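Q: Sharing work-v7.txt (compact mmCIF, C-alpha atoms) below.
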```
# COMPACT_ATOMS: atom_id res chain seq x y z
CA MET A 1 22.49 -29.27 7.92
CA ARG A 2 21.64 -26.60 5.40
CA VAL A 3 24.76 -25.25 3.70
CA TYR A 4 25.03 -22.40 1.22
CA VAL A 5 27.47 -22.98 -1.63
CA PRO A 6 28.72 -19.83 -3.41
CA LEU A 7 28.92 -20.06 -7.20
CA THR A 8 28.85 -18.01 -10.36
CA LEU A 9 26.44 -18.58 -13.26
CA PRO A 10 29.13 -20.58 -15.14
CA GLY A 11 29.62 -22.65 -11.98
CA LEU A 12 25.88 -23.26 -11.77
CA ALA A 13 25.83 -24.24 -15.46
CA GLN A 14 28.61 -26.78 -14.80
CA ALA A 15 26.73 -28.19 -11.80
CA HIS A 16 23.56 -28.44 -13.88
CA LYS A 17 25.46 -30.23 -16.65
CA THR A 18 27.19 -32.74 -14.34
CA GLY A 19 24.33 -33.08 -11.86
CA GLU A 20 26.54 -32.26 -8.88
CA LEU A 21 28.26 -29.50 -7.00
CA GLY A 22 31.90 -30.40 -6.86
CA PRO A 23 34.39 -31.89 -6.93
CA GLY A 24 35.10 -31.55 -3.23
CA PRO A 25 36.15 -30.15 -1.00
CA LEU A 26 33.53 -27.43 -1.35
CA THR A 27 33.61 -24.22 0.63
CA ALA A 28 30.16 -23.42 1.91
CA TYR A 29 28.52 -21.42 4.67
CA ALA A 30 26.22 -22.62 7.42
CA VAL A 31 24.97 -21.79 10.88
CA THR A 32 28.10 -22.59 12.88
CA PRO A 33 28.76 -21.90 16.58
CA ALA A 34 30.99 -18.95 15.62
CA LEU A 35 28.26 -17.49 13.37
CA ARG A 36 25.72 -17.87 16.19
CA GLU A 37 28.03 -16.05 18.60
CA TRP A 38 28.81 -13.28 16.10
CA TYR A 39 25.18 -12.74 15.07
CA VAL A 40 23.85 -13.03 18.64
CA SER A 41 20.49 -14.51 17.76
CA ASP A 42 18.59 -17.68 18.47
CA ASP A 43 16.27 -17.21 15.48
CA ILE A 44 17.27 -19.93 13.01
CA GLU A 45 15.81 -18.02 10.05
CA GLU A 46 17.93 -14.97 10.87
CA LEU A 47 21.00 -17.15 11.30
CA GLU A 48 20.41 -18.93 7.99
CA TYR A 49 19.95 -15.54 6.32
CA ALA A 50 23.31 -14.47 7.77
CA ALA A 51 24.94 -17.66 6.39
CA LEU A 52 23.32 -17.00 2.99
CA ASN A 53 24.75 -13.47 3.00
CA ARG A 54 28.21 -14.81 3.86
CA ALA A 55 27.90 -17.13 0.83
CA ALA A 56 26.76 -14.20 -1.34
CA ALA A 57 29.91 -12.31 -0.32
CA ALA A 58 31.98 -15.37 -1.27
CA SER A 59 30.18 -15.51 -4.63
CA LEU A 60 31.20 -11.88 -5.20
CA ARG A 61 34.82 -12.93 -4.62
CA LEU A 62 34.41 -15.68 -7.21
CA LEU A 63 33.09 -13.09 -9.66
CA ALA A 64 36.06 -10.82 -8.97
CA GLY A 65 38.31 -13.71 -10.03
CA ASP A 66 36.32 -14.51 -13.19
CA PRO A 67 35.88 -11.38 -15.34
CA ALA A 68 34.06 -13.39 -18.04
CA ALA A 69 31.24 -14.52 -15.71
CA ALA A 70 27.91 -12.70 -15.75
CA ARG A 71 27.85 -10.24 -12.87
CA ARG A 72 25.26 -12.00 -10.75
CA ARG A 73 25.96 -13.63 -7.41
CA VAL A 74 24.69 -17.21 -7.12
CA VAL A 75 24.27 -19.36 -4.01
CA VAL A 76 22.92 -22.91 -3.92
CA ALA A 77 21.25 -24.04 -0.68
CA VAL A 78 21.87 -27.74 -0.09
CA ASP A 79 21.01 -30.08 2.76
CA VAL A 80 23.85 -32.39 3.77
CA PRO A 81 24.33 -34.69 6.78
CA ASP A 82 25.93 -32.78 9.69
CA ARG A 83 29.01 -35.00 9.61
CA GLU A 84 29.73 -33.94 6.01
CA ALA A 85 30.10 -30.21 6.83
CA THR A 86 33.10 -29.43 9.00
CA VAL A 87 34.45 -26.21 10.44
CA ASP A 88 38.19 -25.52 10.26
CA PRO A 89 39.21 -25.07 13.92
CA ASP A 90 42.33 -23.11 12.93
CA ARG A 91 40.17 -20.37 11.40
CA GLY A 92 37.65 -20.10 14.24
CA LEU A 93 38.80 -16.64 15.28
CA ASP A 94 39.18 -15.31 11.74
CA ALA A 95 36.26 -12.93 11.10
CA SER A 96 36.36 -13.64 7.36
CA SER A 97 35.64 -17.31 8.01
CA LEU A 98 32.48 -16.89 10.10
CA GLY A 99 30.02 -19.56 9.06
CA GLU A 100 32.50 -21.20 6.70
CA VAL A 101 32.39 -24.98 6.42
CA ARG A 102 33.99 -27.58 4.17
CA VAL A 103 32.01 -30.29 2.48
CA ALA A 104 34.42 -33.12 1.69
CA GLY A 105 33.02 -34.47 -1.54
CA PRO A 106 30.71 -33.58 -4.37
CA VAL A 107 27.03 -33.02 -3.57
CA PRO A 108 24.30 -34.15 -5.96
CA LEU A 109 22.43 -31.17 -7.32
CA ALA A 110 19.26 -33.16 -6.62
CA LYS A 111 19.90 -32.46 -2.90
CA ALA A 112 19.63 -28.71 -3.50
CA ALA A 113 16.75 -27.03 -1.73
CA ALA A 114 16.92 -23.81 -3.75
CA VAL A 115 19.09 -21.49 -5.79
CA HIS A 116 19.50 -17.85 -4.81
CA ALA A 117 20.68 -15.35 -7.43
CA ASP A 118 20.76 -11.66 -8.16
CA ALA A 119 18.07 -10.15 -10.34
CA ASP A 120 19.12 -8.62 -13.66
CA ASP A 121 18.86 -5.12 -12.19
CA ALA A 122 21.67 -5.91 -9.72
CA GLU A 123 24.27 -6.56 -12.42
CA ALA A 124 25.69 -3.02 -12.60
CA ASP A 125 26.13 -2.80 -8.81
CA VAL A 126 27.56 -6.32 -8.60
CA ALA A 127 30.00 -5.57 -11.45
CA ALA A 128 31.15 -2.40 -9.70
CA ALA A 129 31.50 -4.28 -6.40
CA ALA A 130 33.56 -7.05 -8.00
CA ASP A 131 35.86 -4.42 -9.50
CA ALA A 132 36.18 -2.58 -6.16
CA LEU A 133 36.70 -5.64 -3.97
CA GLY A 134 40.50 -5.52 -3.96
CA ALA A 135 40.60 -1.86 -2.95
CA ALA A 136 37.93 -2.47 -0.30
CA ASP A 137 40.07 -5.27 1.14
CA GLN A 138 42.94 -2.79 1.38
CA GLY A 139 40.82 -0.42 3.50
CA ASP A 140 39.56 2.00 0.84
CA ASP A 141 36.32 3.42 2.29
CA ASP A 142 34.94 4.48 -1.09
CA ALA A 143 35.50 0.98 -2.47
CA ARG A 144 33.87 -0.52 0.64
CA PHE A 145 30.83 1.67 -0.06
CA VAL A 146 30.67 0.27 -3.61
CA VAL A 147 30.91 -3.32 -2.31
CA ASP A 148 28.16 -2.59 0.20
CA GLY A 149 26.02 -1.38 -2.72
CA ALA A 150 25.93 -4.92 -4.10
CA GLU A 151 25.00 -6.26 -0.68
CA ASP A 152 21.93 -3.99 -0.74
CA HIS A 153 20.45 -6.26 -3.42
CA GLU A 154 18.50 -9.21 -2.05
CA LEU A 155 19.14 -12.52 -3.75
CA LEU A 156 16.03 -13.96 -5.37
CA TRP A 157 14.81 -17.48 -4.62
CA TYR A 158 14.58 -20.03 -7.43
CA GLY A 159 13.42 -23.63 -7.32
CA VAL A 160 15.91 -26.19 -8.60
CA GLN A 161 13.62 -26.86 -11.55
CA GLU A 162 14.10 -23.21 -12.58
CA ILE A 163 17.87 -23.56 -13.13
CA PRO A 164 17.57 -23.92 -16.94
CA GLY A 165 15.63 -20.64 -17.13
CA LEU A 166 18.14 -18.94 -14.85
CA LEU A 167 20.96 -20.05 -17.13
CA ALA A 168 19.22 -18.97 -20.35
```
Rewrite the structure from the file as structure tokens, please.

A:
Amino acid sequence: MRVYVPLTLPGLAQAHKTGELGPGPLTAYAVTPALREWYVSDDIEELEYAALNRAAAASLRLLAGDPAAARRRVVVAVDVPDREATVDPDRGLDASSLGEVRVAGPVPLAKAAAVHADADDAEADVAAAADALGAADQGDDDARFVVDGAEDHELLWYGVQEIPGLLA
């Protein structure tokens, strides 16, 4: 199963240093039955893109909690055995948990398929979105508009071998 692990650049640096994503449990996003039902598509590429976007939103939340981190969303795509990614049945009806899975233990970074990250030109919008996230969660429409502005930026694809350059 392909899972998308939300991180920040400091989190990616730590994973690069230790050679693994973890410790577990890790929150990740994947094509789950609830995500399939919500997205109403049978196209696996569209569904994986939706899971990637859910992970990007979770990365934004991590940035909101870490003011020192560079304002770039980071998601690592990793392939894990299906049995290692579980859905919390108690959160199945919670819209904020669509596509969310738990990976019990650490995952070797060598199992990563790719890294997705914002381009440099997204930093201002991502910074504004991280700052506005709390107000958006409280129903502020202007803040929601700012958060959506970050979501307008597509994450770029990087090979795992490009992590050192991404961190530089």

Q: Using all atoms listed in the file for the distances, tell me which of A:Val74, A:Leu167, A:Ala13, A:Leu63 is nearest to Ala114 of chain A.

A: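 Closest candidate: A:Val74.
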
Q: Restricting the calculation to only C-alpha atoms, which member of A:Gly99, A:Pro67, A:Pro108, A:Pro23 is positioned closest to Val160 of chain A?

A: A:Pro108

Q: Just want the 12 Å neighbourhood of Leu9 of chain A, counted on only C-alpha atoms, with same-chain residues fewer than 3 positions away dropped. Output as a CSV table (one decimal) with C-alpha atoms, keeping the file's coordinate frame.

A:
```csv
chain,number,residue,atom,x,y,z
A,6,PRO,CA,28.7,-19.8,-3.4
A,12,LEU,CA,25.9,-23.3,-11.8
A,13,ALA,CA,25.8,-24.2,-15.5
A,14,GLN,CA,28.6,-26.8,-14.8
A,15,ALA,CA,26.7,-28.2,-11.8
A,16,HIS,CA,23.6,-28.4,-13.9
A,59,SER,CA,30.2,-15.5,-4.6
A,60,LEU,CA,31.2,-11.9,-5.2
A,62,LEU,CA,34.4,-15.7,-7.2
A,63,LEU,CA,33.1,-13.1,-9.7
A,66,ASP,CA,36.3,-14.5,-13.2
A,68,ALA,CA,34.1,-13.4,-18.0
A,69,ALA,CA,31.2,-14.5,-15.7
A,70,ALA,CA,27.9,-12.7,-15.8
A,71,ARG,CA,27.8,-10.2,-12.9
A,72,ARG,CA,25.3,-12.0,-10.8
A,73,ARG,CA,26.0,-13.6,-7.4
A,74,VAL,CA,24.7,-17.2,-7.1
A,75,VAL,CA,24.3,-19.4,-4.0
A,76,VAL,CA,22.9,-22.9,-3.9
A,115,VAL,CA,19.1,-21.5,-5.8
A,116,HIS,CA,19.5,-17.8,-4.8
A,117,ALA,CA,20.7,-15.4,-7.4
A,118,ASP,CA,20.8,-11.7,-8.2
A,163,ILE,CA,17.9,-23.6,-13.1
A,164,PRO,CA,17.6,-23.9,-16.9
A,165,GLY,CA,15.6,-20.6,-17.1
A,166,LEU,CA,18.1,-18.9,-14.8
A,167,LEU,CA,21.0,-20.0,-17.1
A,168,ALA,CA,19.2,-19.0,-20.4
```

Q: Just the number, please: distance in Å from atom CA of Ala50 of chain A to atom CA of Glu84 of chain A, one decimal.

A: 20.6 Å

Q: Between atom CA of Asp137 of chain A and atom CA of Asp152 of chain A, what is the distance, to one decimal in Å?

A: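 If I compute the distance from atom CA of Asp137 of chain A to atom CA of Asp152 of chain A, I get 18.3 Å.
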
Q: Give me the residues within 12 Å of Ala136 of chain A as JSON, numbers by chain, counting all atoms listed in the file and dropping any in the same chain fewer than 4 places off.

A: {"A": [61, 128, 129, 130, 131, 132, 140, 141, 142, 143, 144, 145, 146, 147, 148]}

Q: May I ask which of the residues A:Gln161, A:Ala124, A:His153, A:Leu109 is the closest one to Lys17 of chain A, counting all atoms listed in the file?

A: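 Comparing A:Gln161, A:Ala124, A:His153, A:Leu109 against Lys17 of chain A, the winner is A:Leu109.
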
Q: Determine, counting all atoms listed in the file, which protein, DNA and RNA residues have an atom within 6 Å of an atom of Val3 of chain A; residues of the same chain fewer than 6 positions away are not included. Present the result as a PyMOL selection string.

A: chain A and resi 28-30+77-78

Q: Residues at most 7 Å from Arg102 of chain A, counting only C-alpha atoms, excluding those fewer than 3 positions away in the same chain, as an MDAnalysis selection string?

A: chainID A and resid 25:28 85:87

Q: Do you have the atom CA of Ala57 of chain A-atom CA of Glu100 of chain A distance handy?

A: 11.6 Å

Q: So, counting all atoms listed in the file, which residue among A:Gly149, A:Trp157, A:Lys111, A:Ala122 is closest to Gly19 of chain A?

A: A:Lys111

Q: Identify which of the residues A:Glu46, A:Thr18, A:Thr32, A:Val80 lies closest to Ala113 of chain A, counting all atoms listed in the file when measuring atom-to-atom distances.

A: A:Val80

Q: Write out as a list in words each polymer residue whose atoms come within 9 Å of Leu47 of chain A, counting all atoms listed in the file; drop sequence neighbours fewer than 6 positions from it.

A: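 What passes the distance filter is Ala30, Val31, Leu35, Arg36, Tyr39, Val40 and Ser41 of chain A.
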